[in-house]
>>> print(open('my_file.tsv').read())   # TSV, C-alpha atoms and all ligand atoms
chain	number	residue	atom	x	y	z
A	28	MET	CA	0.00	0.00	0.00
A	29	LYS	CA	1.51	3.28	-1.12
A	30	LEU	CA	0.65	6.39	0.92
A	31	ILE	CA	0.72	9.88	-0.57
A	32	ARG	CA	0.43	12.58	2.11
A	33	THR	CA	-0.96	15.92	1.06
A	34	PRO	CA	-1.24	19.11	3.11
A	35	HIS	CA	-4.86	19.73	2.19
A	36	TYR	CA	-7.88	18.59	0.22
A	37	GLN	CA	-7.05	20.66	-2.89
A	38	GLU	CA	-3.75	18.91	-3.35
A	39	LEU	CA	-5.29	15.53	-2.62
A	40	SER	CA	-7.77	16.20	-5.44
A	41	MET	CA	-5.01	17.28	-7.83
A	42	LYS	CA	-2.93	14.21	-7.13
A	43	ALA	CA	-5.90	11.86	-7.50
A	44	ALA	CA	-6.94	13.50	-10.77
A	45	ALA	CA	-3.38	13.19	-12.10
A	46	ILE	CA	-3.42	9.43	-11.49
A	47	ILE	CA	-6.78	9.06	-13.24
A	48	ILE	CA	-5.65	11.20	-16.19
A	49	LYS	CA	-2.50	9.11	-16.55
A	50	THR	CA	-4.63	5.95	-16.61
A	51	ILE	CA	-6.79	7.44	-19.40
A	52	GLN	CA	-3.78	8.58	-21.40
A	53	THR	CA	-2.16	5.16	-21.14
A	54	ASN	CA	-5.38	3.35	-21.98
A	55	PRO	CA	-8.07	5.40	-23.77
A	56	THR	CA	-10.59	2.54	-23.37
A	57	ALA	CA	-9.95	2.09	-19.64
A	58	VAL	CA	-12.70	1.06	-17.24
A	59	LEU	CA	-12.80	3.48	-14.30
A	60	GLY	CA	-14.52	2.37	-11.11
A	61	LEU	CA	-16.03	5.52	-9.61
A	62	ALA	CA	-17.27	6.53	-6.19
A	63	THR	CA	-19.67	9.06	-4.73
A	64	GLY	CA	-19.60	10.98	-1.46
A	65	SER	CA	-18.01	14.35	-0.84
A	66	THR	CA	-14.39	13.14	-0.98
A	67	PRO	CA	-14.09	12.53	-4.75
A	68	THR	CA	-15.93	15.70	-5.82
A	69	GLY	CA	-12.73	17.79	-5.86
A	70	THR	CA	-11.10	15.12	-8.02
A	71	TYR	CA	-14.03	15.24	-10.45
A	72	GLU	CA	-13.72	19.06	-10.60
A	73	ARG	CA	-10.05	18.65	-11.53
A	74	LEU	CA	-10.90	16.09	-14.21
A	75	ILE	CA	-13.42	18.53	-15.71
A	76	LYS	CA	-10.90	21.37	-15.62
A	77	ASP	CA	-8.31	19.18	-17.35
A	78	HIS	CA	-10.87	18.06	-19.96
A	79	VAL	CA	-11.75	21.68	-20.75
A	80	GLU	CA	-8.22	23.05	-20.69
A	81	ASN	CA	-6.17	20.14	-22.02
A	82	GLY	CA	-8.75	18.19	-23.98
A	83	THR	CA	-8.32	14.83	-22.24
A	84	SER	CA	-11.02	12.75	-23.88
A	85	TYR	CA	-13.39	10.22	-22.30
A	86	LYS	CA	-15.02	9.23	-25.56
A	87	ASP	CA	-14.01	5.56	-25.26
A	88	ILE	CA	-13.75	5.40	-21.45
A	89	ARG	CA	-16.21	3.22	-19.55
A	90	THR	CA	-17.16	3.99	-15.94
A	91	ILE	CA	-18.77	1.73	-13.41
A	92	ASN	CA	-19.85	2.99	-10.00
A	93	LEU	CA	-19.54	1.24	-6.70
A	94	ASP	CA	-23.03	1.61	-5.39
A	95	GLU	CA	-26.54	3.07	-5.54
A	96	TYR	CA	-29.37	3.56	-3.07
A	97	VAL	CA	-32.37	1.26	-3.34
A	98	GLY	CA	-35.69	2.93	-4.08
A	99	LEU	CA	-34.66	6.51	-4.88
A	100	PRO	CA	-35.95	7.67	-8.26
A	101	THR	CA	-33.02	8.07	-10.70
A	102	GLU	CA	-33.77	11.79	-11.03
A	103	ASP	CA	-33.77	12.35	-7.25
A	104	ILE	CA	-30.96	14.76	-6.39
A	105	ASN	CA	-29.55	12.20	-3.95
A	106	SER	CA	-29.46	9.21	-6.27
A	107	TYR	CA	-25.88	8.34	-7.09
A	108	ARG	CA	-26.79	8.38	-10.79
A	109	SER	CA	-27.87	12.01	-10.58
A	110	PHE	CA	-24.81	12.83	-8.43
A	111	MET	CA	-22.50	11.43	-11.11
A	112	GLU	CA	-24.35	13.25	-13.91
A	113	ARG	CA	-24.03	16.55	-12.04
A	114	LYS	CA	-20.50	16.19	-10.72
A	115	LEU	CA	-18.81	14.65	-13.74
A	116	PHE	CA	-20.60	13.02	-16.66
A	117	SER	CA	-22.46	16.08	-17.97
A	118	ALA	CA	-19.22	18.10	-18.13
A	119	ILE	CA	-17.00	15.64	-20.05
A	120	ASP	CA	-17.29	13.96	-23.45
A	121	ILE	CA	-18.18	10.51	-22.10
A	122	ASN	CA	-20.77	8.44	-23.96
A	123	PRO	CA	-23.71	8.16	-21.51
A	124	LYS	CA	-24.14	4.53	-22.64
A	125	ASN	CA	-20.69	3.79	-21.20
A	126	THR	CA	-21.56	4.93	-17.67
A	127	TYR	CA	-22.86	2.23	-15.39
A	128	LEU	CA	-24.41	2.28	-11.92
A	129	PRO	CA	-26.54	-0.36	-10.21
A	130	ASN	CA	-30.24	0.14	-10.85
A	131	GLY	CA	-31.69	0.75	-7.39
A	132	ASN	CA	-35.20	0.61	-8.83
A	133	ALA	CA	-34.92	-2.79	-10.49
A	134	VAL	CA	-38.02	-4.95	-10.02
A	135	ASP	CA	-35.84	-7.73	-8.69
A	136	ILE	CA	-32.85	-6.26	-6.86
A	137	GLN	CA	-31.21	-9.67	-6.38
A	138	ASP	CA	-31.24	-10.18	-10.16
A	139	GLU	CA	-29.82	-6.69	-10.51
A	140	CYS	CA	-26.85	-7.64	-8.31
A	141	ALA	CA	-26.12	-10.69	-10.48
A	142	ARG	CA	-26.48	-8.57	-13.62
A	143	TYR	CA	-23.99	-6.03	-12.23
A	144	ASP	CA	-21.41	-8.73	-11.48
A	145	GLN	CA	-21.75	-10.00	-15.06
A	146	LEU	CA	-21.49	-6.48	-16.39
A	147	ILE	CA	-18.17	-5.92	-14.61
A	148	GLN	CA	-16.84	-9.10	-16.24
A	149	SER	CA	-18.26	-8.31	-19.67
A	150	ILE	CA	-16.64	-4.88	-19.85
A	151	GLY	CA	-13.30	-6.49	-19.03
A	152	GLY	CA	-12.96	-5.74	-15.32
A	153	ILE	CA	-11.99	-2.49	-13.64
A	154	ASP	CA	-8.64	-0.87	-14.46
A	155	LEU	CA	-8.66	1.70	-11.66
A	156	GLN	CA	-11.13	1.73	-8.76
A	157	LEU	CA	-11.56	4.99	-6.89
A	158	LEU	CA	-12.66	4.64	-3.26
A	159	GLY	CA	-13.65	6.85	-0.37
A	160	ILE	CA	-13.77	5.48	3.15
A	161	GLY	CA	-16.57	5.57	5.70
A	162	GLU	CA	-15.89	6.64	9.27
A	163	ASN	CA	-16.26	3.00	10.32
A	164	GLY	CA	-13.94	1.82	7.56
A	165	HIS	CA	-16.64	0.89	5.06
A	166	ILE	CA	-15.75	0.92	1.38
A	167	GLY	CA	-18.53	1.22	-1.17
A	168	PHE	CA	-21.39	0.30	1.15
A	169	ASN	CA	-19.61	-2.74	2.54
A	170	GLU	CA	-20.25	-2.29	6.22
A	171	PRO	CA	-18.17	-3.90	8.99
A	172	GLY	CA	-18.77	-7.64	9.09
A	173	THR	CA	-19.27	-8.02	5.34
A	174	PRO	CA	-17.42	-11.15	4.16
A	175	PHE	CA	-14.57	-10.25	1.83
A	176	THR	CA	-15.87	-12.95	-0.55
A	177	GLU	CA	-19.11	-11.04	-1.28
A	178	THR	CA	-19.77	-9.79	-4.80
A	179	THR	CA	-22.48	-7.23	-5.64
A	180	HIS	CA	-25.22	-7.42	-3.02
A	181	VAL	CA	-28.00	-5.58	-1.23
A	182	VAL	CA	-27.10	-4.03	2.12
A	183	GLU	CA	-29.10	-2.72	5.03
A	184	LEU	CA	-27.39	0.56	5.83
A	185	THR	CA	-26.26	1.02	9.42
A	186	HIS	CA	-27.72	3.85	11.47
A	187	ASN	CA	-24.29	5.55	11.53
A	188	THR	CA	-23.89	5.45	7.76
A	189	ARG	CA	-27.41	6.82	7.29
A	190	LYS	CA	-26.65	9.52	9.85
A	191	ALA	CA	-23.39	10.43	8.08
A	192	ASN	CA	-25.20	10.64	4.73
A	193	ALA	CA	-28.24	12.49	6.17
A	194	ARG	CA	-26.47	15.80	5.53
A	195	PHE	CA	-27.46	15.50	1.88
A	196	PHE	CA	-31.14	14.88	2.66
A	197	LYS	CA	-33.83	17.04	4.27
A	198	ASN	CA	-34.30	14.57	7.08
A	199	ILE	CA	-32.58	11.36	8.20
A	200	LYS	CA	-35.92	9.61	7.61
A	201	ASP	CA	-35.49	10.32	3.90
A	202	VAL	CA	-32.17	8.45	3.71
A	203	PRO	CA	-32.85	5.07	2.10
A	204	THR	CA	-32.38	2.05	4.34
A	205	GLN	CA	-30.90	-0.14	1.64
A	206	ALA	CA	-28.33	0.10	-1.12
A	207	ILE	CA	-26.81	-2.09	-3.81
A	208	THR	CA	-23.03	-2.19	-3.59
A	209	MET	CA	-20.21	-3.93	-5.33
A	210	GLY	CA	-18.72	-6.41	-2.90
A	211	ILE	CA	-15.20	-6.41	-1.58
A	212	LYS	CA	-14.39	-9.27	-3.96
A	213	ASN	CA	-15.30	-7.04	-6.94
A	214	ILE	CA	-13.20	-4.21	-5.52
A	215	LEU	CA	-10.20	-6.48	-4.96
A	216	GLU	CA	-10.45	-7.76	-8.54
A	217	SER	CA	-9.72	-4.24	-9.87
A	218	LYS	CA	-6.27	-3.92	-11.39
A	219	ALA	CA	-5.44	-0.83	-9.31
A	220	ILE	CA	-7.14	0.90	-6.38
A	221	LEU	CA	-6.99	4.55	-5.35
A	222	LEU	CA	-8.41	5.35	-1.90
A	223	LEU	CA	-8.96	8.96	-0.85
A	224	ALA	CA	-9.41	10.24	2.70
A	225	SER	CA	-9.86	13.83	3.77
A	226	GLY	CA	-10.78	15.52	7.01
A	227	GLU	CA	-10.62	14.87	10.72
A	228	ASN	CA	-13.69	12.66	10.74
A	229	LYS	CA	-11.64	10.08	8.81
A	230	ALA	CA	-8.63	10.25	11.15
A	231	GLU	CA	-9.61	7.24	13.29
A	232	ALA	CA	-10.30	5.07	10.27
A	233	MET	CA	-7.00	6.10	8.70
A	234	ALA	CA	-5.06	5.46	11.90
A	235	ARG	CA	-6.57	2.00	12.05
A	236	LEU	CA	-5.79	1.34	8.39
A	237	LEU	CA	-2.24	2.64	8.40
A	238	THR	CA	-1.02	1.42	11.76
A	239	SER	CA	-2.67	-1.93	12.48
A	240	HIS	CA	-1.99	-3.75	9.18
A	241	LYS	CA	-4.39	-6.41	10.38
A	242	THR	CA	-6.88	-7.82	7.91
A	243	THR	CA	-10.26	-8.19	9.58
A	244	GLU	CA	-13.82	-8.26	8.29
A	245	SER	CA	-14.80	-5.93	11.13
A	246	PHE	CA	-12.87	-3.21	9.30
A	247	PRO	CA	-13.66	-3.47	5.56
A	248	ALA	CA	-10.85	-1.18	4.36
A	249	SER	CA	-8.32	-3.67	5.77
A	250	SER	CA	-9.27	-5.97	2.86
A	251	LEU	CA	-7.05	-3.70	0.76
A	252	PHE	CA	-3.98	-5.33	2.32
A	253	GLN	CA	-4.84	-8.32	0.12
A	254	HIS	CA	-4.31	-6.22	-3.03
A	255	GLN	CA	-0.93	-5.56	-4.64
A	256	ASN	CA	-1.62	-2.17	-6.21
A	257	VAL	CA	-3.27	0.22	-3.74
A	258	THR	CA	-2.49	3.92	-3.49
A	259	VAL	CA	-3.90	5.92	-0.58
A	260	ILE	CA	-3.99	9.70	-0.84
A	261	ALA	CA	-4.82	11.46	2.40
A	262	ASP	CA	-4.60	14.97	3.73
A	263	GLU	CA	-3.03	16.04	7.01
A	264	ALA	CA	-6.39	16.20	8.81
A	265	ALA	CA	-7.17	12.60	7.89
A	266	LEU	CA	-3.65	11.62	9.00
A	267	SER	CA	-3.75	13.58	12.26
A	268	LEU	CA	-3.84	10.42	14.40
A	269	VAL	CA	-1.20	8.49	12.47
A	301	LIG	C1	-20.88	6.62	1.37
A	301	LIG	C2	-20.48	5.98	0.07
A	301	LIG	C3	-19.02	5.56	0.09
A	301	LIG	C4	-18.18	6.74	0.55
A	301	LIG	C5	-18.56	7.12	1.95
A	301	LIG	C6	-17.75	8.30	2.48
A	301	LIG	O1	-21.26	5.72	2.34
A	301	LIG	N1	-21.27	4.83	-0.26
A	301	LIG	O2	-18.63	5.13	-1.20
A	301	LIG	O3	-16.82	6.40	0.51
A	301	LIG	O4	-19.93	7.50	1.94
A	301	LIG	O5	-18.29	9.49	1.99
A	301	LIG	P1	-17.64	10.91	2.10
A	301	LIG	O6	-16.61	10.95	1.01
A	301	LIG	O7	-18.77	11.87	1.83
A	301	LIG	O8	-17.07	11.04	3.43
>>> encode(input="my_file.tsv", output="structure tokens", more="lines below")
Ligand code: GLP
Amino acid sequence: MKLIRTPHYQELSMKAAAIIIKTIQTNPTAVLGLATGSTPTGTYERLIKDHVENGTSYKDIRTINLDEYVGLPTEDINSYRSFMERKLFSAIDINPKNTYLPNGNAVDIQDECARYDQLIQSIGGIDLQLLGIGENGHIGFNEPGTPFTETTHVVELTHNTRKANARFFKNIKDVPTQAITMGIKNILESKAILLLASGENKAEAMARLLTSHKTTESFPASSLFQHQNVTVIADEAALSLV
């Protein structure tokens, strides 16, 4: 696991964007695994800036997102599909047909999970998976206790995760109780992984990740020790307990 320390969020975002841009330049048909949450938004802003100023093209890039809430209409401002449209897709030259997220409104959500696993395989696997980290160490929506062997599945969101995400909703009651998420197995099958952590509220999770080196299902991010190509970019606030 390679750690890149940055003084602040702006530099974290620049460094993360540079890694993604390099991946695209090396492989113009790359599959990018993308994440939502507030952490990657600065990175997406940098990607847009670079697209506008330097012309980096996404015309043959495919993207596949980690997760989606169950039961939120696609056009709801809090659906991860609408988040991705707003924060990235609408501002770059990506083909909308090449952007994939789980369908949280599928009639049969179990079938949807199986379809998503097949989709990951059929597009050739993920070249670079971008990850944030939850305060309890969750990645995607893989909460503590999730077996590392799980592929895409439906999760009941913990109260703490719903509370942490309630800031985007009018009321915590509006936060969905379920989500579809890629499993840790899918994440670990990516060729490279880039995990971002910013802010003091991530300091405990980062201290646990960077100092214990113990792989345990009670701390999902520790699954990343099983992968050979992980880069962590974190700012000083997130590293304040390391
Ligand atoms: C959500 C997302 C995760 C994300 C986490 C942290 O639970 N499903 O993918 O990493 O929140 O979000 P933030 O970056 O806003 O702290």
>>> residues_near_point(input="my_file.tsv", point="(-7.2, 9.6, 5.0)", cutoff="7 Å", atoms="all atoms listed in the file", output="PyMOL selection string")
chain A and resi 223-225+229-230+233+260-262+265-266
>>> residues_near_ligand(input="my_file.tsv", ligand="ligand LIG 301 (chain A)", cutoff="6 Å", atoms="all atoms listed in the file", output="list in words")
Ala62, Thr63, Gly64, Ser65, Thr66, Leu158, Gly159, Ile160, Gly161, Ile166, Gly167 and Phe168 of chain A
>>> write_last_selection(input="my_file.tsv", atoms="C-alpha atoms", output="PDB file, in the frame of the given file")
ATOM      1  CA  ALA A  62     -17.270   6.530  -6.190  1.00  0.00           C
ATOM      2  CA  THR A  63     -19.670   9.060  -4.730  1.00  0.00           C
ATOM      3  CA  GLY A  64     -19.600  10.980  -1.460  1.00  0.00           C
ATOM      4  CA  SER A  65     -18.010  14.350  -0.840  1.00  0.00           C
ATOM      5  CA  THR A  66     -14.390  13.140  -0.980  1.00  0.00           C
ATOM      6  CA  LEU A 158     -12.660   4.640  -3.260  1.00  0.00           C
ATOM      7  CA  GLY A 159     -13.650   6.850  -0.370  1.00  0.00           C
ATOM      8  CA  ILE A 160     -13.770   5.480   3.150  1.00  0.00           C
ATOM      9  CA  GLY A 161     -16.570   5.570   5.700  1.00  0.00           C
ATOM     10  CA  ILE A 166     -15.750   0.920   1.380  1.00  0.00           C
ATOM     11  CA  GLY A 167     -18.530   1.220  -1.170  1.00  0.00           C
ATOM     12  CA  PHE A 168     -21.390   0.300   1.150  1.00  0.00           C
TER      13      PHE A 168
END
>>> atom_distance(input="my_file.tsv", atom1="atom CA of Asp94 of chain A", atom2="atom CA of Tyr36 of chain A")
23.4 Å
>>> closest_residue(input="my_file.tsv", among="A:Thr68, A:Pro203, A:Leu251, A:Val134", to="Ser106 of chain A", atoms="only C-alpha atoms")
A:Pro203
>>> closest_residue(input="my_file.tsv", among="A:His165, A:Lys124, A:Lys114, A:His78", to="Leu222 of chain A", atoms="only C-alpha atoms")
A:His165
